[in-house]
Amino acid sequence: MGVNKPFKDLAMGLAVHGISSIRYDKRTYTYQNDIKEIPIEKEVIDDVSNIIKCVACHPEFQRKDVYLIGHSLGGMLLPKITLLNPQVKGLVFMAANVSPLEDLFLKQYDYLFHLDGTLDEVEQKRLSQMKNQVRYLKDTLTISSTSDKLPFQIPSSCWLSLKNYNPTESVKKISVPMLFLQGEQDYQVTLEEFNS
């Protein structure tokens, strides 16, 4: 498992209070050289669903409640995961976005490139490229679209699996307790997302 200190600290803090937790690496992290095309179901949703089923079958946890914590993309996908796994008892959203990922990426680039108050030639070119990639994604995306035409070269299968997903609509179908956490100075997922 990759080391992500904030999540390790969170797991340790929960353990101190007798709460077990499971963290896992996404497939594209573990098998980044082997996976070329992967929809979001295989990147995140299937593995989380399998972990929930595994916990439910474990004798030590059969009578325990399962809560999910999701950060950023993981938080955005919590409603989708919960609708597939109705045994989930509660959700914690950490800096979860409601806007499409491509819109967030564009805002992040724009923010970072304007931090010093100027936009140099390289930054201008990269921002223009990102805008073209986002426009292509929104208007022209197909399963045969090559990753060089898409933001961060994320494959078309992933973008297509997210295209019609609306976390705001999905969360309205869920009745479990939910906690929303957001950092005020987070430039990747801003307070604007939180307030949406």
# chains A, B, ... in the order shown; residues from 1 in each chain; ligands from 1
call {"tool": "residues_around", "arguments": {"residues": "A:Asp47", "least_positions_apart": "3", "cutoff": "12 Å", "atoms": "only C-alpha atoms", "output": "MDAnalysis selection string"}}
result
chainID A and resid 22:27 40:44 50:54 74 81
call {"tool": "residues_around", "arguments": {"residues": "stretch 148-163 of chain A", "least_positions_apart": "6", "cutoff": "8 Å", "atoms": "only C-alpha atoms", "output": "list in words"}}
result
Lys36, Glu37, Ile38, Pro39, Ile40, Glu41, Glu102, Phe105, Met130, Gln133, Val134, Tyr136, Leu137, Leu141 and Thr142 of chain A
call {"tool": "write_last_selection", "arguments": {"atoms": "N, CA and C atoms", "output": "CSV table (one decimal), in the first residue's frame"}}
result
chain,number,residue,atom,x,y,z
A,36,LYS,N,-4.2,0.0,-19.3
A,36,LYS,CA,-4.3,1.1,-20.2
A,36,LYS,C,-5.7,1.7,-20.3
A,37,GLU,N,-6.7,0.9,-20.2
A,37,GLU,CA,-8.1,1.4,-20.2
A,37,GLU,C,-8.8,0.8,-19.0
A,38,ILE,N,-9.4,1.7,-18.2
A,38,ILE,CA,-10.1,1.2,-17.1
A,38,ILE,C,-11.3,2.2,-16.7
A,39,PRO,N,-12.5,1.7,-16.7
A,39,PRO,CA,-13.6,2.5,-16.3
A,39,PRO,C,-13.6,2.8,-14.8
A,40,ILE,N,-14.3,3.8,-14.3
A,40,ILE,CA,-14.3,4.1,-12.9
A,40,ILE,C,-14.8,3.0,-12.0
A,41,GLU,N,-15.7,2.2,-12.6
A,41,GLU,CA,-16.2,1.0,-11.8
A,41,GLU,C,-15.0,0.1,-11.4
A,102,GLU,N,-13.2,17.2,-15.1
A,102,GLU,CA,-12.5,18.0,-16.1
A,102,GLU,C,-12.6,19.5,-15.8
A,105,PHE,N,-10.1,20.3,-13.0
A,105,PHE,CA,-8.7,20.3,-13.5
A,105,PHE,C,-8.4,21.6,-14.1
A,130,MET,N,-5.1,22.4,-22.2
A,130,MET,CA,-6.1,21.8,-21.2
A,130,MET,C,-7.5,22.2,-21.6
A,133,GLN,N,-8.5,20.1,-24.5
A,133,GLN,CA,-8.8,18.7,-24.1
A,133,GLN,C,-10.2,18.6,-23.4
A,134,VAL,N,-10.5,19.6,-22.6
A,134,VAL,CA,-11.8,19.6,-21.9
A,134,VAL,C,-12.9,19.8,-22.9
A,136,TYR,N,-12.8,18.9,-26.0
A,136,TYR,CA,-12.9,17.7,-26.8
A,136,TYR,C,-13.7,16.6,-25.9
A,137,LEU,N,-13.3,16.5,-24.7
A,137,LEU,CA,-14.0,15.6,-23.8
A,137,LEU,C,-15.5,15.8,-23.7
A,141,LEU,N,-16.0,13.1,-27.2
A,141,LEU,CA,-15.5,11.8,-26.5
A,141,LEU,C,-16.2,10.6,-27.0
A,142,THR,N,-15.4,9.6,-27.4
A,142,THR,CA,-15.9,8.2,-27.7
A,142,THR,C,-15.0,7.2,-27.1
call {"tool": "closest_residue", "arguments": {"among": "A:Gln124, A:Ser49, A:Asn97, A:Ser145", "to": "A:Leu112", "atoms": "only C-alpha atoms"}}
result
A:Gln124
call {"tool": "residues_around", "arguments": {"residues": "A:Met94", "least_positions_apart": "4", "cutoff": "7 Å", "atoms": "only C-alpha atoms", "output": "PyMOL selection string"}}
result
chain A and resi 70-72+75+180-182
call {"tool": "residues_around", "arguments": {"residues": "A:Tyr67", "least_positions_apart": "6", "cutoff": "12 Å", "atoms": "only C-alpha atoms", "output": "list in words"}}
result
Ile19, Ser20, Ser21, Ile22, Val48, Ile51, Ile52, Val55, Leu78, Ile81, Thr82, Asn85, Pro86, Gln87, Val88, Lys89, Gly90, Leu91, Val92, Phe93, Val176, Pro177, Met178 and Leu179 of chain A
call {"tool": "write_last_selection", "arguments": {"atoms": "N, CA and C atoms", "output": "PDB file, in the first residue's frame"}}
result
ATOM      1  N   ILE A  19     -12.066   1.685  16.403  1.00  0.00           N
ATOM      2  CA  ILE A  19     -12.728   1.604  15.096  1.00  0.00           C
ATOM      3  C   ILE A  19     -11.744   1.064  14.071  1.00  0.00           C
ATOM      4  N   SER A  20     -12.092  -0.074  13.475  1.00  0.00           N
ATOM      5  CA  SER A  20     -11.244  -0.671  12.435  1.00  0.00           C
ATOM      6  C   SER A  20     -11.443   0.075  11.128  1.00  0.00           C
ATOM      7  N   SER A  21     -10.394   0.120  10.316  1.00  0.00           N
ATOM      8  CA  SER A  21     -10.518   0.757   9.006  1.00  0.00           C
ATOM      9  C   SER A  21      -9.700  -0.012   7.980  1.00  0.00           C
ATOM     10  N   ILE A  22     -10.089   0.150   6.747  1.00  0.00           N
ATOM     11  CA  ILE A  22      -9.370  -0.473   5.638  1.00  0.00           C
ATOM     12  C   ILE A  22      -9.041   0.618   4.632  1.00  0.00           C
ATOM     13  N   VAL A  48     -14.154  -1.197  -3.755  1.00  0.00           N
ATOM     14  CA  VAL A  48     -14.805  -0.793  -2.507  1.00  0.00           C
ATOM     15  C   VAL A  48     -15.974  -1.731  -2.201  1.00  0.00           C
ATOM     16  N   ILE A  51     -14.655  -4.949  -0.865  1.00  0.00           N
ATOM     17  CA  ILE A  51     -14.193  -4.799   0.522  1.00  0.00           C
ATOM     18  C   ILE A  51     -15.384  -4.828   1.476  1.00  0.00           C
ATOM     19  N   ILE A  52     -16.459  -4.132   1.113  1.00  0.00           N
ATOM     20  CA  ILE A  52     -17.669  -4.126   1.954  1.00  0.00           C
ATOM     21  C   ILE A  52     -18.220  -5.537   2.112  1.00  0.00           C
ATOM     22  N   VAL A  55     -15.895  -7.611   4.402  1.00  0.00           N
ATOM     23  CA  VAL A  55     -16.082  -7.258   5.817  1.00  0.00           C
ATOM     24  C   VAL A  55     -17.367  -7.885   6.353  1.00  0.00           C
ATOM     25  N   LEU A  78     -18.940   8.310  -3.473  1.00  0.00           N
ATOM     26  CA  LEU A  78     -19.625   7.683  -2.336  1.00  0.00           C
ATOM     27  C   LEU A  78     -21.111   7.424  -2.594  1.00  0.00           C
ATOM     28  N   ILE A  81     -21.443   4.366  -4.844  1.00  0.00           N
ATOM     29  CA  ILE A  81     -21.049   3.148  -4.129  1.00  0.00           C
ATOM     30  C   ILE A  81     -22.138   2.746  -3.138  1.00  0.00           C
ATOM     31  N   THR A  82     -22.696   3.703  -2.430  1.00  0.00           N
ATOM     32  CA  THR A  82     -23.708   3.417  -1.405  1.00  0.00           C
ATOM     33  C   THR A  82     -24.997   2.893  -2.028  1.00  0.00           C
ATOM     34  N   ASN A  85     -24.504  -0.612  -2.473  1.00  0.00           N
ATOM     35  CA  ASN A  85     -24.223  -1.345  -1.230  1.00  0.00           C
ATOM     36  C   ASN A  85     -25.090  -0.789  -0.107  1.00  0.00           C
ATOM     37  N   PRO A  86     -26.370  -1.128  -0.081  1.00  0.00           N
ATOM     38  CA  PRO A  86     -27.300  -0.530   0.880  1.00  0.00           C
ATOM     39  C   PRO A  86     -27.004  -0.856   2.348  1.00  0.00           C
ATOM     40  N   GLN A  87     -26.085  -1.775   2.621  1.00  0.00           N
ATOM     41  CA  GLN A  87     -25.735  -2.085   4.013  1.00  0.00           C
ATOM     42  C   GLN A  87     -24.854  -0.994   4.637  1.00  0.00           C
ATOM     43  N   VAL A  88     -24.354  -0.059   3.842  1.00  0.00           N
ATOM     44  CA  VAL A  88     -23.541   1.036   4.366  1.00  0.00           C
ATOM     45  C   VAL A  88     -24.398   1.910   5.278  1.00  0.00           C
ATOM     46  N   LYS A  89     -23.889   2.221   6.467  1.00  0.00           N
ATOM     47  CA  LYS A  89     -24.677   2.924   7.495  1.00  0.00           C
ATOM     48  C   LYS A  89     -24.414   4.422   7.556  1.00  0.00           C
ATOM     49  N   GLY A  90     -23.345   4.909   6.946  1.00  0.00           N
ATOM     50  CA  GLY A  90     -23.052   6.338   7.000  1.00  0.00           C
ATOM     51  C   GLY A  90     -21.888   6.692   6.103  1.00  0.00           C
ATOM     52  N   LEU A  91     -21.783   7.992   5.777  1.00  0.00           N
ATOM     53  CA  LEU A  91     -20.767   8.453   4.838  1.00  0.00           C
ATOM     54  C   LEU A  91     -20.048   9.680   5.381  1.00  0.00           C
ATOM     55  N   VAL A  92     -18.755   9.753   5.091  1.00  0.00           N
ATOM     56  CA  VAL A  92     -17.970  10.946   5.394  1.00  0.00           C
ATOM     57  C   VAL A  92     -17.340  11.417   4.084  1.00  0.00           C
ATOM     58  N   PHE A  93     -17.712  12.616   3.663  1.00  0.00           N
ATOM     59  CA  PHE A  93     -17.191  13.212   2.431  1.00  0.00           C
ATOM     60  C   PHE A  93     -16.069  14.174   2.809  1.00  0.00           C
ATOM     61  N   VAL A 176     -28.850   7.656   4.638  1.00  0.00           N
ATOM     62  CA  VAL A 176     -27.957   7.396   5.774  1.00  0.00           C
ATOM     63  C   VAL A 176     -27.343   8.713   6.259  1.00  0.00           C
ATOM     64  N   PRO A 177     -26.873   8.763   7.525  1.00  0.00           N
ATOM     65  CA  PRO A 177     -26.195   9.980   8.014  1.00  0.00           C
ATOM     66  C   PRO A 177     -24.963  10.297   7.169  1.00  0.00           C
ATOM     67  N   MET A 178     -24.731  11.591   6.928  1.00  0.00           N
ATOM     68  CA  MET A 178     -23.590  12.025   6.122  1.00  0.00           C
ATOM     69  C   MET A 178     -22.887  13.188   6.810  1.00  0.00           C
ATOM     70  N   LEU A 179     -21.557  13.177   6.754  1.00  0.00           N
ATOM     71  CA  LEU A 179     -20.745  14.261   7.273  1.00  0.00           C
ATOM     72  C   LEU A 179     -19.917  14.808   6.113  1.00  0.00           C
TER      73      LEU A 179
END
call {"tool": "atom_distance", "arguments": {"atom1": "atom CA of A:Ala95", "atom2": "atom CA of A:Pro167"}}
result
13.3 Å
call {"tool": "select_by_dssp", "arguments": {"residues": "stretch 9-141 of chain A", "states": "strand (DSSP E)", "output": "PyMOL selection string"}}
result
chain A and resi 66-71+88-94
call {"tool": "select_by_dssp", "arguments": {"residues": "stretch 130-178 of chain A", "states": "alpha helix (DSSP H)", "output": "JSON, numbers by chain"}}
result
{"A": [130, 131, 132, 133, 134, 135, 136, 137, 138, 139, 140, 156, 157, 158, 159, 160, 161, 162, 167, 168, 169, 170, 171]}
call {"tool": "write_last_selection", "arguments": {"atoms": "N, CA, C and O atoms", "output": "PDB file, in the first residue's frame"}}
result
ATOM      1  N   MET A 130      -5.123  22.400 -22.167  1.00  0.00           N
ATOM      2  CA  MET A 130      -6.099  21.826 -21.244  1.00  0.00           C
ATOM      3  C   MET A 130      -7.519  22.220 -21.643  1.00  0.00           C
ATOM      4  O   MET A 130      -8.432  21.392 -21.614  1.00  0.00           O
ATOM      5  N   LYS A 131      -7.727  23.462 -22.032  1.00  0.00           N
ATOM      6  CA  LYS A 131      -9.059  23.908 -22.467  1.00  0.00           C
ATOM      7  C   LYS A 131      -9.521  23.126 -23.684  1.00  0.00           C
ATOM      8  O   LYS A 131     -10.690  22.726 -23.771  1.00  0.00           O
ATOM      9  N   ASN A 132      -8.603  22.886 -24.625  1.00  0.00           N
ATOM     10  CA  ASN A 132      -8.947  22.104 -25.818  1.00  0.00           C
ATOM     11  C   ASN A 132      -9.288  20.655 -25.453  1.00  0.00           C
ATOM     12  O   ASN A 132     -10.222  20.068 -26.008  1.00  0.00           O
ATOM     13  N   GLN A 133      -8.532  20.091 -24.519  1.00  0.00           N
ATOM     14  CA  GLN A 133      -8.792  18.714 -24.092  1.00  0.00           C
ATOM     15  C   GLN A 133     -10.154  18.605 -23.399  1.00  0.00           C
ATOM     16  O   GLN A 133     -10.899  17.652 -23.639  1.00  0.00           O
ATOM     17  N   VAL A 134     -10.478  19.573 -22.559  1.00  0.00           N
ATOM     18  CA  VAL A 134     -11.769  19.573 -21.861  1.00  0.00           C
ATOM     19  C   VAL A 134     -12.908  19.753 -22.866  1.00  0.00           C
ATOM     20  O   VAL A 134     -13.924  19.071 -22.791  1.00  0.00           O
ATOM     21  N   ARG A 135     -12.717  20.646 -23.823  1.00  0.00           N
ATOM     22  CA  ARG A 135     -13.743  20.859 -24.854  1.00  0.00           C
ATOM     23  C   ARG A 135     -13.955  19.571 -25.669  1.00  0.00           C
ATOM     24  O   ARG A 135     -15.084  19.170 -25.934  1.00  0.00           O
ATOM     25  N   TYR A 136     -12.845  18.921 -26.033  1.00  0.00           N
ATOM     26  CA  TYR A 136     -12.931  17.653 -26.766  1.00  0.00           C
ATOM     27  C   TYR A 136     -13.680  16.611 -25.936  1.00  0.00           C
ATOM     28  O   TYR A 136     -14.561  15.904 -26.434  1.00  0.00           O
ATOM     29  N   LEU A 137     -13.336  16.525 -24.662  1.00  0.00           N
ATOM     30  CA  LEU A 137     -13.972  15.552 -23.767  1.00  0.00           C
ATOM     31  C   LEU A 137     -15.484  15.778 -23.709  1.00  0.00           C
ATOM     32  O   LEU A 137     -16.265  14.831 -23.791  1.00  0.00           O
ATOM     33  N   LYS A 138     -15.897  17.017 -23.598  1.00  0.00           N
ATOM     34  CA  LYS A 138     -17.320  17.324 -23.457  1.00  0.00           C
ATOM     35  C   LYS A 138     -18.091  17.148 -24.769  1.00  0.00           C
ATOM     36  O   LYS A 138     -19.252  16.747 -24.753  1.00  0.00           O
ATOM     37  N   ASP A 139     -17.437  17.420 -25.904  1.00  0.00           N
ATOM     38  CA  ASP A 139     -18.162  17.451 -27.186  1.00  0.00           C
ATOM     39  C   ASP A 139     -17.950  16.236 -28.079  1.00  0.00           C
ATOM     40  O   ASP A 139     -18.816  15.896 -28.875  1.00  0.00           O
ATOM     41  N   THR A 140     -16.790  15.579 -27.964  1.00  0.00           N
ATOM     42  CA  THR A 140     -16.408  14.605 -28.987  1.00  0.00           C
ATOM     43  C   THR A 140     -16.054  13.229 -28.441  1.00  0.00           C
ATOM     44  O   THR A 140     -15.853  12.304 -29.202  1.00  0.00           O
ATOM     45  N   SER A 156     -10.117   7.110 -22.181  1.00  0.00           N
ATOM     46  CA  SER A 156     -11.512   7.420 -22.524  1.00  0.00           C
ATOM     47  C   SER A 156     -12.500   6.580 -21.722  1.00  0.00           C
ATOM     48  O   SER A 156     -13.580   7.059 -21.370  1.00  0.00           O
ATOM     49  N   SER A 157     -12.145   5.330 -21.407  1.00  0.00           N
ATOM     50  CA  SER A 157     -13.069   4.455 -20.662  1.00  0.00           C
ATOM     51  C   SER A 157     -13.410   5.056 -19.303  1.00  0.00           C
ATOM     52  O   SER A 157     -14.548   4.968 -18.840  1.00  0.00           O
ATOM     53  N   CYS A 158     -12.434   5.674 -18.666  1.00  0.00           N
ATOM     54  CA  CYS A 158     -12.667   6.306 -17.357  1.00  0.00           C
ATOM     55  C   CYS A 158     -13.581   7.518 -17.523  1.00  0.00           C
ATOM     56  O   CYS A 158     -14.551   7.676 -16.784  1.00  0.00           O
ATOM     57  N   TRP A 159     -13.279   8.373 -18.491  1.00  0.00           N
ATOM     58  CA  TRP A 159     -14.101   9.571 -18.707  1.00  0.00           C
ATOM     59  C   TRP A 159     -15.528   9.200 -19.077  1.00  0.00           C
ATOM     60  O   TRP A 159     -16.483   9.814 -18.594  1.00  0.00           O
ATOM     61  N   LEU A 160     -15.694   8.188 -19.925  1.00  0.00           N
ATOM     62  CA  LEU A 160     -17.043   7.772 -20.332  1.00  0.00           C
ATOM     63  C   LEU A 160     -17.843   7.242 -19.150  1.00  0.00           C
ATOM     64  O   LEU A 160     -19.046   7.479 -19.041  1.00  0.00           O
ATOM     65  N   SER A 161     -17.168   6.541 -18.237  1.00  0.00           N
ATOM     66  CA  SER A 161     -17.878   5.977 -17.079  1.00  0.00           C
ATOM     67  C   SER A 161     -18.317   7.063 -16.097  1.00  0.00           C
ATOM     68  O   SER A 161     -19.193   6.840 -15.269  1.00  0.00           O
ATOM     69  N   LEU A 162     -17.722   8.251 -16.208  1.00  0.00           N
ATOM     70  CA  LEU A 162     -18.104   9.371 -15.336  1.00  0.00           C
ATOM     71  C   LEU A 162     -19.068  10.350 -16.010  1.00  0.00           C
ATOM     72  O   LEU A 162     -19.667  11.188 -15.355  1.00  0.00           O
ATOM     73  N   PRO A 167     -23.273  13.324  -8.851  1.00  0.00           N
ATOM     74  CA  PRO A 167     -23.260  12.991  -7.425  1.00  0.00           C
ATOM     75  C   PRO A 167     -24.350  13.709  -6.631  1.00  0.00           C
ATOM     76  O   PRO A 167     -24.884  13.162  -5.664  1.00  0.00           O
ATOM     77  N   THR A 168     -24.700  14.928  -7.039  1.00  0.00           N
ATOM     78  CA  THR A 168     -25.730  15.686  -6.321  1.00  0.00           C
ATOM     79  C   THR A 168     -27.084  15.006  -6.410  1.00  0.00           C
ATOM     80  O   THR A 168     -27.825  14.929  -5.428  1.00  0.00           O
ATOM     81  N   GLU A 169     -27.407  14.486  -7.582  1.00  0.00           N
ATOM     82  CA  GLU A 169     -28.680  13.762  -7.750  1.00  0.00           C
ATOM     83  C   GLU A 169     -28.642  12.422  -7.029  1.00  0.00           C
ATOM     84  O   GLU A 169     -29.623  12.009  -6.416  1.00  0.00           O
ATOM     85  N   SER A 170     -27.506  11.743  -7.105  1.00  0.00           N
ATOM     86  CA  SER A 170     -27.382  10.427  -6.464  1.00  0.00           C
ATOM     87  C   SER A 170     -27.489  10.520  -4.946  1.00  0.00           C
ATOM     88  O   SER A 170     -28.097   9.665  -4.300  1.00  0.00           O
ATOM     89  N   VAL A 171     -26.898  11.572  -4.355  1.00  0.00           N
ATOM     90  CA  VAL A 171     -26.907  11.685  -2.900  1.00  0.00           C
ATOM     91  C   VAL A 171     -28.324  11.911  -2.366  1.00  0.00           C
ATOM     92  O   VAL A 171     -28.631  11.545  -1.228  1.00  0.00           O
TER      93      VAL A 171
END
call {"tool": "residues_around", "arguments": {"residues": "A:Glu192", "least_positions_apart": "6", "cutoff": "10 Å", "atoms": "only C-alpha atoms", "output": "NGL selection string"}}
result
:A and (97-99 or 184)
call {"tool": "closest_residue", "arguments": {"among": "A:Ala96, A:Leu84, A:Ile45, A:Leu10", "to": "A:Gln188", "atoms": "only C-alpha atoms"}}
result
A:Ala96
call {"tool": "atom_distance", "arguments": {"atom1": "atom CA of A:Leu127", "atom2": "atom CA of A:Tyr187"}}
result
16.5 Å
call {"tool": "atom_distance", "arguments": {"atom1": "atom CA of A:Lys5", "atom2": "atom CA of A:Lys64"}}
result
26.4 Å
